[in-house]
>>> print(open('target_36.txt').read())   # compact mmCIF, C-alpha atoms
# COMPACT_ATOMS: atom_id res chain seq x y z
CA MET C 29 202.25 -62.89 75.07
CA ASN C 30 199.73 -60.02 75.39
CA ILE C 31 201.31 -56.99 77.10
CA GLU C 32 198.48 -54.47 76.91
CA VAL C 33 198.08 -54.31 80.69
CA GLY C 34 201.66 -53.23 81.24
CA THR C 35 201.42 -50.61 78.51
CA TYR C 36 198.11 -49.25 79.81
CA GLN C 37 199.41 -48.94 83.36
CA GLU C 38 202.61 -47.22 82.30
CA ARG C 39 200.63 -44.67 80.25
CA SER C 40 198.18 -43.94 83.05
CA GLY C 41 200.75 -43.86 85.85
CA LEU C 42 199.08 -46.68 87.78
CA ILE C 43 201.03 -49.20 89.86
CA LYS C 44 201.65 -52.33 87.85
CA GLY C 45 199.48 -55.32 88.66
CA SER C 46 202.56 -57.45 89.36
CA THR C 47 203.75 -54.92 91.94
CA LEU C 48 200.34 -54.92 93.63
CA VAL C 49 200.44 -58.71 93.81
CA LEU C 50 203.88 -58.65 95.48
CA ILE C 51 202.65 -56.08 98.00
CA ALA C 52 199.58 -58.21 98.74
CA PHE C 53 201.77 -61.28 99.20
CA ALA C 54 204.09 -59.39 101.55
CA THR C 55 201.15 -58.48 103.80
CA ALA C 56 200.52 -62.21 104.35
CA PHE C 57 204.16 -63.33 104.39
CA PHE C 58 205.83 -60.96 106.86
CA PRO C 59 203.27 -59.91 109.52
CA ARG C 60 204.17 -62.68 111.99
CA ILE C 61 207.75 -61.55 112.43
CA LEU C 62 206.69 -57.90 112.42
CA SER C 63 204.20 -58.68 115.18
CA THR C 64 206.95 -60.42 117.15
CA MET C 65 209.09 -57.30 116.76
CA GLY C 66 206.37 -55.18 118.31
CA ALA C 67 203.86 -54.33 115.57
CA PRO C 68 200.17 -54.47 116.64
CA SER C 69 198.62 -57.94 116.35
CA ALA C 70 196.05 -56.48 113.96
CA ILE C 71 198.76 -56.50 111.28
CA ASN C 72 198.08 -60.24 110.94
CA PHE C 73 194.68 -59.38 109.45
CA LEU C 74 195.89 -56.80 106.94
CA HIS C 75 196.14 -59.30 104.08
CA PHE C 76 192.42 -60.09 104.39
CA ALA C 77 191.74 -56.60 103.05
CA VAL C 78 194.73 -56.16 100.73
CA VAL C 79 194.46 -59.42 98.76
CA PRO C 80 190.77 -58.99 97.70
CA LEU C 81 191.38 -55.28 97.02
CA THR C 82 194.35 -56.12 94.81
CA CYS C 83 192.25 -58.67 92.95
CA GLY C 84 189.50 -56.13 92.37
CA ILE C 85 191.92 -53.50 91.05
CA VAL C 86 193.71 -55.87 88.69
CA LEU C 87 190.48 -57.53 87.54
CA THR C 88 188.95 -54.17 86.52
CA GLN C 89 192.12 -53.18 84.64
CA THR C 90 192.83 -56.47 82.90
CA ARG C 91 193.22 -56.55 79.12
CA VAL C 92 193.76 -60.31 78.89
CA LYS C 93 192.65 -61.83 75.57
CA ASN C 94 194.15 -65.30 75.90
CA ARG C 95 191.17 -67.68 75.71
CA GLN C 96 192.70 -70.20 78.12
CA GLN C 97 193.32 -67.47 80.69
CA ILE C 98 189.77 -66.17 80.34
CA THR C 99 188.13 -69.59 80.80
CA THR C 100 190.31 -70.33 83.85
CA ILE C 101 189.50 -66.94 85.36
CA LYS C 102 185.78 -67.58 84.86
CA ALA C 103 186.07 -71.06 86.39
CA LEU C 104 187.84 -69.68 89.48
CA LEU C 105 185.33 -66.83 89.81
CA GLY C 106 182.46 -69.32 89.57
CA GLY C 107 183.97 -71.56 92.23
CA LEU C 108 184.62 -68.60 94.54
CA LEU C 109 181.03 -67.42 94.15
CA ILE C 110 179.68 -70.89 94.95
CA LEU C 111 181.84 -71.23 98.06
CA PHE C 112 180.92 -67.71 99.20
CA SER C 113 177.21 -68.56 98.85
CA ILE C 114 177.64 -71.76 100.85
CA THR C 115 179.64 -69.98 103.57
CA THR C 116 176.97 -67.28 103.84
CA ALA C 117 174.16 -69.85 103.99
CA SER C 118 176.03 -71.85 106.64
CA ALA C 119 176.55 -68.73 108.76
CA MET C 120 172.86 -67.80 108.54
CA LEU C 121 171.69 -71.35 109.30
CA ASN C 122 173.92 -71.66 112.36
CA GLY C 123 173.86 -68.09 113.69
CA ALA C 124 177.56 -67.53 113.04
CA GLY C 125 178.83 -63.97 113.07
CA ALA C 126 179.36 -62.14 109.79
CA ILE C 127 183.04 -61.71 110.71
CA ASN C 128 183.28 -65.50 111.04
CA ALA C 129 181.95 -65.93 107.50
CA VAL C 130 184.30 -63.33 106.01
CA ILE C 131 187.48 -64.60 107.66
CA ASP C 132 186.69 -68.27 107.15
CA PHE C 133 185.93 -67.68 103.47
CA LEU C 134 189.16 -65.74 102.97
CA LEU C 135 191.29 -68.28 104.84
CA LEU C 136 190.14 -70.91 102.36
CA THR C 137 190.06 -68.84 99.18
CA GLU C 138 192.87 -66.27 99.42
CA PRO C 139 195.27 -68.45 97.40
CA PHE C 140 192.66 -68.84 94.66
CA ILE C 141 191.92 -65.12 94.73
CA LEU C 142 195.62 -64.30 94.36
CA LEU C 143 196.01 -66.94 91.66
CA LEU C 144 193.07 -65.39 89.84
CA THR C 145 194.76 -62.01 90.17
CA VAL C 146 198.02 -63.28 88.67
CA LEU C 147 196.08 -64.77 85.75
CA CYS C 148 194.55 -61.34 85.05
CA ILE C 149 198.03 -59.90 84.44
CA SER C 150 199.67 -59.99 81.03
CA PHE C 151 203.36 -59.93 81.87
CA SER C 152 206.02 -58.49 79.61
CA ALA C 153 209.24 -60.53 79.58
CA LYS C 154 210.94 -57.87 81.71
CA ASP C 155 208.14 -57.77 84.27
CA LEU C 156 208.00 -61.55 84.51
CA LYS C 157 211.72 -61.73 85.37
CA ARG C 158 211.34 -58.94 87.90
CA PHE C 159 208.34 -60.65 89.48
CA ARG C 160 210.26 -63.91 89.78
CA ARG C 161 213.27 -62.16 91.33
CA TRP C 162 211.19 -60.52 94.02
CA LEU C 163 209.17 -63.66 94.75
CA LEU C 164 212.28 -65.79 95.14
CA ALA C 165 213.83 -63.10 97.32
CA PHE C 166 210.89 -63.41 99.72
CA GLY C 167 211.35 -67.19 99.84
CA PHE C 168 215.09 -66.98 100.46
CA ILE C 169 214.64 -64.39 103.22
CA ASN C 170 212.56 -66.99 105.04
CA LEU C 171 215.17 -69.72 104.48
CA PHE C 172 218.20 -67.71 105.52
CA LEU C 173 216.40 -66.13 108.48
CA ALA C 174 215.48 -69.60 109.74
CA LEU C 175 219.10 -70.75 109.59
CA ALA C 176 220.21 -67.53 111.30
CA GLU C 177 217.70 -68.17 114.09
CA TRP C 178 219.09 -71.67 114.53
CA ILE C 179 222.64 -70.35 114.89
CA LEU C 180 221.65 -67.49 117.22
CA ILE C 181 219.55 -69.74 119.45
CA ALA C 182 222.37 -72.30 119.68
CA ALA C 183 224.77 -69.48 120.61
CA HIS C 184 222.31 -68.27 123.31
CA ILE C 185 222.11 -64.87 121.63
CA LEU C 186 218.46 -65.28 120.68
CA LYS C 187 216.11 -66.47 123.40
CA HIS C 188 213.62 -69.22 122.71
CA THR C 189 210.08 -69.57 124.02
CA ARG C 190 208.52 -72.38 126.05
CA MET C 191 208.56 -74.45 122.86
CA THR C 192 211.61 -76.57 122.09
CA ILE C 193 214.68 -74.97 120.55
CA GLU C 194 213.93 -76.69 117.25
CA ASP C 195 210.36 -75.36 117.23
CA ASN C 196 211.74 -71.83 117.43
CA VAL C 197 213.46 -72.10 114.03
CA GLN C 198 210.63 -70.39 112.17
CA GLY C 199 212.04 -67.97 109.59
CA VAL C 200 209.62 -65.13 108.82
CA PHE C 201 206.91 -66.89 110.89
CA TYR C 202 208.80 -66.25 114.15
CA LEU C 203 207.34 -66.73 116.79
CA THR C 204 204.13 -68.67 116.26
CA GLY C 205 202.82 -72.08 117.17
CA GLY C 206 203.72 -74.46 114.34
CA GLY C 207 205.78 -71.77 112.62
CA HIS C 208 208.71 -74.17 112.18
CA VAL C 209 206.55 -76.42 109.97
CA VAL C 210 205.12 -73.48 108.01
CA SER C 211 208.56 -71.99 107.40
CA ALA C 212 210.12 -75.31 106.37
CA SER C 213 207.18 -76.07 104.04
CA VAL C 214 207.58 -72.68 102.37
CA SER C 215 211.33 -73.23 101.98
CA LEU C 216 210.72 -76.63 100.41
CA ILE C 217 208.43 -75.36 97.65
CA PHE C 218 210.67 -72.37 96.87
CA CYS C 219 213.70 -74.67 96.78
CA THR C 220 211.91 -77.05 94.40
CA TYR C 221 210.95 -74.25 92.03
CA PHE C 222 214.43 -72.67 92.16
CA PHE C 223 216.32 -75.90 91.52
CA PHE C 224 214.28 -77.03 88.53
CA HIS C 225 213.19 -73.76 86.92
CA VAL C 226 215.97 -71.23 87.48
CA LYS C 227 218.48 -72.86 85.15
CA THR C 228 220.32 -69.55 84.74
CA ALA C 229 221.67 -70.00 88.27
CA PRO C 230 224.84 -72.13 88.47
CA LEU C 231 224.43 -75.70 89.63
CA TRP C 232 226.47 -75.12 92.79
CA MET C 233 224.08 -72.37 93.83
CA ARG C 234 220.98 -74.50 93.22
CA LEU C 235 222.51 -77.41 95.12
CA SER C 236 223.42 -75.05 97.97
CA ILE C 237 219.79 -73.98 98.28
CA VAL C 238 218.74 -77.64 98.33
CA PHE C 239 221.25 -78.36 101.09
CA ALA C 240 220.19 -75.29 103.09
CA THR C 241 216.52 -76.27 102.80
CA PHE C 242 217.06 -79.81 104.05
CA LEU C 243 219.25 -78.44 106.81
CA GLN C 244 216.39 -76.20 107.90
CA ILE C 245 213.94 -79.12 107.86
CA GLN C 246 216.36 -81.10 110.01
CA VAL C 247 217.30 -78.44 112.58
CA ALA C 248 213.67 -77.28 112.87
CA ASP C 249 212.57 -80.87 113.52
CA ALA C 250 209.92 -80.38 110.84
CA LYS C 251 209.56 -84.10 110.17
CA GLN C 252 206.15 -83.88 108.58
CA VAL C 253 207.49 -81.60 105.82
CA LEU C 254 209.66 -84.42 104.55
CA LEU C 255 206.80 -86.90 104.94
CA VAL C 256 204.50 -84.64 102.89
CA ALA C 257 207.18 -84.20 100.22
CA VAL C 258 207.58 -87.98 99.87
CA ALA C 259 203.80 -88.45 99.65
CA ALA C 260 203.54 -85.67 97.05
CA TRP C 261 206.30 -87.26 95.01
CA LEU C 262 204.58 -90.65 95.06
CA LEU C 263 201.23 -89.13 94.08
CA LEU C 264 202.96 -87.24 91.27
CA ILE C 265 204.28 -90.55 89.95
CA VAL C 266 200.78 -92.04 90.06
CA SER C 267 199.33 -88.99 88.28
CA ARG C 268 201.81 -89.49 85.45
CA SER C 269 201.00 -93.19 84.94
CA LYS C 270 199.58 -92.53 81.45
CA ASN C 271 202.94 -91.16 80.32
CA ILE C 272 204.96 -94.38 80.49
CA GLY C 273 208.34 -92.76 79.88
CA LEU C 274 207.87 -90.08 82.50
CA PHE C 275 206.31 -92.58 84.91
CA ILE C 276 209.38 -94.81 84.66
CA LYS C 277 211.73 -91.84 85.05
CA LEU C 278 210.01 -90.49 88.16
CA GLY C 279 209.65 -93.99 89.60
CA ALA C 280 213.32 -94.75 89.06
CA VAL C 281 214.34 -91.66 91.02
CA ALA C 282 211.98 -92.64 93.84
CA ALA C 283 213.38 -96.19 93.80
CA VAL C 284 216.83 -94.75 94.50
CA VAL C 285 215.98 -91.91 96.90
CA LEU C 286 213.46 -93.64 99.19
CA PRO C 287 215.72 -96.60 100.17
CA ILE C 288 218.52 -94.11 100.94
CA LEU C 289 216.16 -92.10 103.13
CA TRP C 290 215.02 -95.25 104.91
CA TRP C 291 218.63 -96.28 105.54
CA CYS C 292 219.37 -92.84 106.99
CA ILE C 293 216.42 -93.11 109.36
CA GLN C 294 217.53 -96.53 110.56
CA ASN C 295 221.28 -95.84 110.86
CA ILE C 296 222.03 -92.14 111.36
CA ASP C 297 221.48 -90.51 114.75
CA ALA C 298 220.38 -87.21 113.18
CA PHE C 299 217.30 -89.01 111.82
CA ASP C 300 216.31 -90.66 115.11
CA ALA C 301 213.30 -88.39 115.51
CA TYR C 302 211.59 -90.13 112.59
CA LYS C 303 211.70 -93.43 114.45
CA ALA C 304 209.28 -92.01 117.00
CA TRP C 305 206.59 -92.29 114.34
CA ILE C 306 207.70 -95.58 112.84
CA ASP C 307 208.29 -97.66 115.94
CA ARG C 308 205.06 -96.82 117.79
CA ASP C 309 202.21 -99.33 117.85
CA ILE C 310 199.60 -96.66 117.16
CA TYR C 311 198.45 -97.34 113.62
CA GLY C 312 195.87 -99.65 112.12
CA PRO C 313 192.07 -99.40 112.49
CA ASP C 314 192.20 -99.58 116.30
CA GLY C 315 195.45 -97.68 116.83
CA ASP C 316 195.46 -94.54 118.96
CA ALA C 317 196.72 -92.38 116.07
CA THR C 318 193.95 -93.53 113.74
CA GLN C 319 191.26 -93.15 116.39
CA LEU C 320 192.46 -89.67 117.35
CA LYS C 321 192.56 -88.50 113.75
CA LEU C 322 189.03 -89.72 113.06
CA ARG C 323 187.51 -88.57 116.35
CA PRO C 324 186.25 -85.20 114.99
CA LEU C 325 184.25 -87.06 112.32
CA HIS C 326 182.33 -88.79 115.12
CA ILE C 327 182.06 -85.85 117.55
CA ILE C 328 180.98 -83.05 115.19
CA PRO C 329 177.72 -84.74 114.02
CA THR C 330 176.62 -85.06 117.66
CA PHE C 331 176.11 -81.28 117.61
CA TYR C 332 173.87 -81.33 114.53
CA GLN C 333 170.37 -79.96 115.03
CA SER C 334 168.94 -80.75 111.59
CA SER C 335 169.70 -82.70 108.44
CA LEU C 336 170.83 -79.42 106.82
CA ASN C 337 173.95 -79.53 109.00
CA TRP C 338 175.22 -82.40 106.86
CA LEU C 339 175.11 -80.07 103.86
CA PHE C 340 176.16 -76.76 105.49
CA GLY C 341 178.04 -77.82 108.61
CA LEU C 342 177.93 -76.09 111.99
CA GLY C 343 178.91 -72.67 110.69
CA PRO C 344 182.15 -70.91 109.72
CA GLY C 345 184.62 -70.91 112.60
CA HIS C 346 182.46 -73.22 114.71
CA THR C 347 184.50 -76.43 114.54
CA ILE C 348 188.15 -77.36 114.06
CA GLY C 349 189.41 -75.26 111.17
CA ARG C 350 192.08 -72.61 111.68
CA LEU C 351 189.49 -70.01 112.69
CA GLY C 352 187.59 -72.15 115.18
CA GLY C 353 190.64 -74.08 116.32
CA TRP C 354 192.59 -71.13 117.73
CA MET C 355 192.27 -67.86 115.82
CA LEU C 356 189.11 -66.90 117.66
CA LYS C 357 190.86 -67.64 120.96
CA ASP C 358 194.10 -65.87 120.12
CA TYR C 359 192.47 -62.77 118.64
CA TRP C 360 189.23 -62.59 120.62
CA ASN C 361 190.05 -59.07 121.79
CA LEU C 362 189.94 -58.02 118.12
CA LEU C 363 187.21 -60.31 116.75
CA GLY C 364 184.84 -60.46 119.71
CA PRO C 365 183.79 -56.80 119.46
CA LEU C 366 183.14 -57.35 115.74
CA GLY C 367 180.45 -59.93 116.48
CA ALA C 368 182.49 -63.15 116.25
CA THR C 369 180.80 -66.30 117.52
CA THR C 370 182.11 -69.57 118.94
CA HIS C 371 180.67 -73.07 119.30
CA PRO C 372 181.33 -75.87 121.82
CA ALA C 373 182.14 -78.27 118.97
CA SER C 374 185.49 -76.53 118.49
CA GLN C 375 186.71 -77.46 121.94
CA ALA C 376 185.07 -80.88 122.06
CA ALA C 377 186.22 -82.15 118.65
CA GLY C 378 189.59 -80.41 118.77
CA TRP C 379 191.49 -79.73 121.96
CA ASP C 380 189.48 -81.96 124.29
CA ALA C 381 189.78 -84.88 121.88
CA TRP C 382 193.54 -84.30 121.61
CA ALA C 383 193.93 -84.09 125.40
CA GLU C 384 192.46 -87.58 125.75
CA THR C 385 195.48 -88.97 123.88
CA SER C 386 197.98 -86.34 124.99
CA TYR C 387 201.08 -88.50 124.44
CA LEU C 388 200.49 -88.10 120.68
CA ASP C 389 201.75 -84.53 120.89
CA SER C 390 202.91 -84.12 117.29
CA SER C 391 200.75 -82.14 114.87
CA ILE C 392 200.88 -85.16 112.55
CA PHE C 393 198.33 -86.83 114.85
CA ALA C 394 196.24 -83.73 115.57
CA PRO C 395 192.44 -83.98 115.36
CA LEU C 396 192.46 -80.42 114.01
CA TRP C 397 193.04 -80.92 110.30
CA GLY C 398 192.12 -79.00 107.17
CA PHE C 399 189.59 -81.12 105.34
CA ALA C 400 187.82 -82.09 108.57
CA GLY C 401 187.64 -78.39 109.47
CA ILE C 402 186.06 -77.44 106.14
CA TRP C 403 183.54 -80.27 106.43
CA GLY C 404 182.76 -79.42 110.05
CA ASP C 405 182.27 -75.71 109.34
CA LEU C 406 180.64 -75.80 105.91
CA GLY C 407 179.39 -79.36 105.46
CA PHE C 408 179.68 -81.52 102.38
CA LEU C 409 178.65 -78.66 100.07
CA GLY C 410 181.46 -76.45 101.32
CA LEU C 411 183.95 -79.29 101.09
CA PHE C 412 182.96 -80.11 97.49
CA ALA C 413 183.13 -76.41 96.51
CA TYR C 414 186.67 -76.17 97.91
CA ILE C 415 187.72 -79.35 96.12
CA TYR C 416 186.33 -77.91 92.88
CA LEU C 417 188.59 -74.86 93.21
CA GLY C 418 191.55 -77.19 93.74
CA TYR C 419 190.49 -79.20 90.70
CA VAL C 420 190.52 -76.05 88.55
CA ALA C 421 194.02 -75.16 89.75
CA TRP C 422 195.27 -78.70 89.14
CA GLY C 423 193.63 -79.27 85.77
CA ARG C 424 194.15 -75.87 84.15
CA LEU C 425 197.33 -74.46 85.67
CA SER C 426 199.69 -77.37 86.22
CA LYS C 427 199.61 -78.91 82.76
CA GLY C 428 203.10 -79.60 81.50
CA GLY C 429 204.71 -78.85 84.85
CA ASN C 430 205.82 -81.65 87.17
CA VAL C 431 207.15 -79.08 89.62
CA SER C 432 203.83 -77.21 89.68
CA LYS C 433 201.99 -80.48 90.29
CA PHE C 434 204.39 -81.39 93.09
CA ILE C 435 203.97 -77.98 94.74
CA LEU C 436 200.18 -78.16 94.46
CA LEU C 437 200.05 -81.67 95.91
CA ASN C 438 201.70 -80.39 99.09
CA VAL C 439 198.48 -78.50 99.91
CA PRO C 440 195.86 -81.31 100.00
CA ILE C 441 198.30 -83.70 101.67
CA ASN C 442 198.79 -81.16 104.44
CA GLY C 443 195.01 -80.92 104.60
CA PHE C 444 194.98 -84.39 106.19
CA ILE C 445 197.58 -83.46 108.81
CA PHE C 446 197.01 -80.05 110.40
CA THR C 447 195.64 -76.64 109.33
CA LEU C 448 198.52 -75.62 107.06
CA MET C 449 195.96 -75.62 104.23
CA GLU C 450 194.62 -72.41 105.79
CA GLU C 451 197.99 -70.77 106.47
CA PRO C 452 198.21 -67.73 104.13
CA GLY C 453 202.01 -67.57 104.16
CA PHE C 454 202.15 -71.11 102.79
CA THR C 455 199.13 -71.26 100.49
CA LEU C 456 199.80 -67.86 98.88
CA SER C 457 203.38 -68.99 98.21
CA VAL C 458 201.99 -72.05 96.43
CA ALA C 459 199.56 -69.92 94.42
CA LEU C 460 202.20 -67.46 93.23
CA LEU C 461 204.76 -70.11 92.30
CA VAL C 462 202.17 -72.05 90.30
CA GLY C 463 200.89 -68.86 88.65
CA LEU C 464 204.43 -67.72 87.87
CA HIS C 465 205.33 -71.01 86.22
CA TRP C 466 202.11 -70.96 84.19
CA HIS C 467 203.07 -67.56 82.78
CA GLU C 468 206.59 -68.80 82.07
CA LEU C 469 205.21 -71.76 80.11
CA GLN C 470 202.94 -69.44 78.14
CA ALA C 471 205.87 -67.14 77.34
CA THR C 472 207.97 -70.11 76.17
CA GLN C 473 205.18 -71.42 73.96
CA GLN C 474 204.63 -67.99 72.39
CA SER C 475 208.33 -67.51 71.67
CA ARG C 476 208.38 -70.87 69.90
CA TYR C 477 205.28 -69.92 67.95
CA GLN C 478 206.84 -66.60 66.87
CA ARG C 479 209.90 -68.39 65.52
>>> encode(input="target_36.txt", output="C-alpha cells")
Amino acid sequence: MNIEVGTYQERSGLIKGSTLVLIAFATAFFPRILSTMGAPSAINFLHFAVVPLTCGIVLTQTRVKNRQQITTIKALLGGLLILFSITTASAMLNGAGAINAVIDFLLLTEPFILLLTVLCISFSAKDLKRFRRWLLAFGFINLFLALAEWILIAAHILKHTRMTIEDNVQGVFYLTGGGHVVSASVSLIFCTYFFFHVKTAPLWMRLSIVFATFLQIQVADAKQVLLVAVAAWLLLIVSRSKNIGLFIKLGAVAAVVLPILWWCIQNIDAFDAYKAWIDRDIYGPDGDATQLKLRPLHIIPTFYQSSLNWLFGLGPGHTIGRLGGWMLKDYWNLLGPLGATTHPASQAAGWDAWAETSYLDSSIFAPLWGFAGIWGDLGFLGLFAYIYLGYVAWGRLSKGGNVSKFILLNVPINGFIFTLMEEPGFTLSVALLVGLHWHELQATQQSRYQR
C-alpha cells in the first residue's frame, strides 16, 4: 500500500492525516456530553468547521496513486459539488439564509466529506492499527458510559430529566432528545465491526461486547435500533442474491435468529415493549401510523409557490429535516443573529402533524424523517444528489465486505424513521468504520500480491 503521505508528514513535522481525522471525529462525537457538563452550546457546531478544514488539509497533502482511490475521490467530490450547487440554488430561490444553506449542506454531507478525507490517506500498517485502536476506543467509551448511566440512574446517584429513565441512557450523547437511540445505534455498528473484523481479540471478549451492546439497546428502550438492524440484515441478504452460496448462508442465519427473536417478543416480559408496535391496529393504507408518516408529503407541497419548488424544495432548513425540525429552535440564540431563516412548513408538516396523532409518541412514527426532510428542503434534485453520494459509497467502498454493507444499510433505513441520517455522531461513525475496513481490505490484497 502506498505510504508516501506518512513519510512526507513525518519529514515535514506535520500532524498525520489519520490524527487529524480522529480529532475531527471527536469534535462531532463528544460535544453533547461536554455541553451537558457545562461547555458552551456553541461546541456542538465546532465539527462543522473542523471536518471540512481537515478534509482540505489532507486533500492538499495527499500523495495517493491508487487508481481506485482516485476515481472514488473524484466521484465523491463531484457529488458534493452537485449537492452544494443545488443547496445554494434552493436557498436563493426560497430566500433562505446563507447559514441555513451551510449547516444543512454539512449535516447531509459531513460523512461523505470525512470518508473522502480517509480515502486521501495512505496508511502504513502501523498507522492503520493505531487508527483502528483509537476509533474503537471512542465507540467503546460510548457503550460503557451508557451502561454506567443505566446503573447510576437506577441507584439514584445520577438524576434523570423529564424523559423516561430508559431515555436517559445515552452514552456520549447525554443528555439530548433521542440520544438513547443515537447512542445505541452507534454501539451496534461498532459492535458489528469489532465482532467480525477484530479477530485478534479473544472470542469471549467479542461476545462480551455483543452482550453489552444488546443490553444497552434493551435498557435504553431503543427498540427501533433492533428493528433497523433486522431490516438491514434482510436487505443485505437480498443484495447478495447473485452469490447463491452466500445468500443461502446469510438466509440460514436469519431463519434461525428471527424466529428466536419473535419467540422472545411473545414470551419474555423484557421484550413486552415491542408488542406495543405489533399489537396496534395502526398499519395498512388507512392506519394512523401510515397516514402520519406520509402527512408531510401532502402538507409540504401546499406551501409551493412555483413549479421550481418540486425541483429545489422550500429551502434548506425550511421543512422537517434536522435543521428545520428543531436545530433552529434549539439554537436560535446562536443562529438567528447569523441570518438564519425559518418557514411555517416546518411546524405544519412536522410538530403540528404529529400533535394531531399524539398517541403515536414513538419516533418510529414521527412525520419528521430524513428522506422527507431532504425532499422538502431541497426538492427532487437534492434528494437524487444525496442518493448518488450514497450510491458511490455503496458501490465503491463496500465491495467484498458484508459488514460494511450492513453498517451502510443502517443509514438509509433510519432515513425512513427519524432524522438519525443527519446525526453527525452516528453518520461519521459509519463513514469511518466503512473507510477503515476499505483500507484494511486494500492492505490485505496488497500483502497477498507481494507474496
>>> residues_near_point(input="target_36.txt", point="(181.7, -64.2, 116.0)", cutoff="12 Å", atoms="all atoms listed in the file", output="ChimeraX atom specification")
/C:119,122-132,343-346,351-352,355-357,359-371
>>> residues_around(input="target_36.txt", residues="region 286-294 of chain C", least_positions_apart="5", cutoff="12 Å", atoms="only C-alpha atoms", output="PyMOL selection string")
chain C and resi 251+254-255+257-259+261-262+278-281+299-307
>>> write_last_selection(input="target_36.txt", atoms="C-alpha atoms", output="mmCIF file, in the frame of the given file")
data_model
loop_
_atom_site.group_PDB
_atom_site.id
_atom_site.type_symbol
_atom_site.label_atom_id
_atom_site.label_comp_id
_atom_site.auth_asym_id
_atom_site.auth_seq_id
_atom_site.Cartn_x
_atom_site.Cartn_y
_atom_site.Cartn_z
ATOM 1 C CA LYS C 251 209.560 -84.100 110.170
ATOM 2 C CA LEU C 254 209.660 -84.420 104.550
ATOM 3 C CA LEU C 255 206.800 -86.900 104.940
ATOM 4 C CA ALA C 257 207.180 -84.200 100.220
ATOM 5 C CA VAL C 258 207.580 -87.980 99.870
ATOM 6 C CA ALA C 259 203.800 -88.450 99.650
ATOM 7 C CA TRP C 261 206.300 -87.260 95.010
ATOM 8 C CA LEU C 262 204.580 -90.650 95.060
ATOM 9 C CA LEU C 278 210.010 -90.490 88.160
ATOM 10 C CA GLY C 279 209.650 -93.990 89.600
ATOM 11 C CA ALA C 280 213.320 -94.750 89.060
ATOM 12 C CA VAL C 281 214.340 -91.660 91.020
ATOM 13 C CA PHE C 299 217.300 -89.010 111.820
ATOM 14 C CA ASP C 300 216.310 -90.660 115.110
ATOM 15 C CA ALA C 301 213.300 -88.390 115.510
ATOM 16 C CA TYR C 302 211.590 -90.130 112.590
ATOM 17 C CA LYS C 303 211.700 -93.430 114.450
ATOM 18 C CA ALA C 304 209.280 -92.010 117.000
ATOM 19 C CA TRP C 305 206.590 -92.290 114.340
ATOM 20 C CA ILE C 306 207.700 -95.580 112.840
ATOM 21 C CA ASP C 307 208.290 -97.660 115.940
#
>>> closest_atom_pairs(input="target_36.txt", of="region 387-441 of chain C", to="region 221-245 of chain C", cutoff="10 Å", atoms="only C-alpha atoms", output="tab-separated table")
residue	atom	partner	partner_atom	distance
C:Asn430	CA	C:Phe224	CA	9.7
C:Val431	CA	C:Tyr221	CA	6.6
C:Ser432	CA	C:Tyr221	CA	8.1
C:Phe434	CA	C:Tyr221	CA	9.8
C:Ile435	CA	C:Tyr221	CA	8.4
>>> closest_residue(input="target_36.txt", among="C:Ser269, C:Asn170, C:Ser426, C:Ser46", to="Gly207 (chain C)", atoms="all atoms listed in the file")
C:Asn170
>>> residues_around(input="target_36.txt", residues="region 95-102 of chain C", least_positions_apart="5", cutoff="9 Å", atoms="all atoms listed in the file", output="ChimeraX atom specification")
/C:107,144-145,147-148,420-421,424-425
>>> residues_around(input="target_36.txt", residues="Lys321 (chain C)", least_positions_apart="4", cutoff="10 Å", atoms="only C-alpha atoms", output="number ranges by chain")
C: 316-317, 325, 378, 381-382, 392-397, 400, 444-445
>>> closest_residue(input="target_36.txt", among="C:Met65, C:Leu48, C:Leu464, C:Ala103", to="Val78 (chain C)", atoms="only C-alpha atoms")
C:Leu48
>>> closest_residue(input="target_36.txt", among="C:Ala70, C:Lys44, C:Gly312, C:Ile276", to="Ser152 (chain C)", atoms="only C-alpha atoms")
C:Lys44
>>> closest_residue(input="target_36.txt", among="C:Tyr387, C:Trp338, C:Tyr419, C:Phe58", to="Leu436 (chain C)", atoms="all atoms listed in the file")
C:Tyr419
>>> atom_distance(input="target_36.txt", atom1="CA of Leu216 (chain C)", atom2="CA of Thr192 (chain C)")
21.7 Å
>>> atom_distance(input="target_36.txt", atom1="CA of Ile141 (chain C)", atom2="CA of Thr455 (chain C)")
11.1 Å
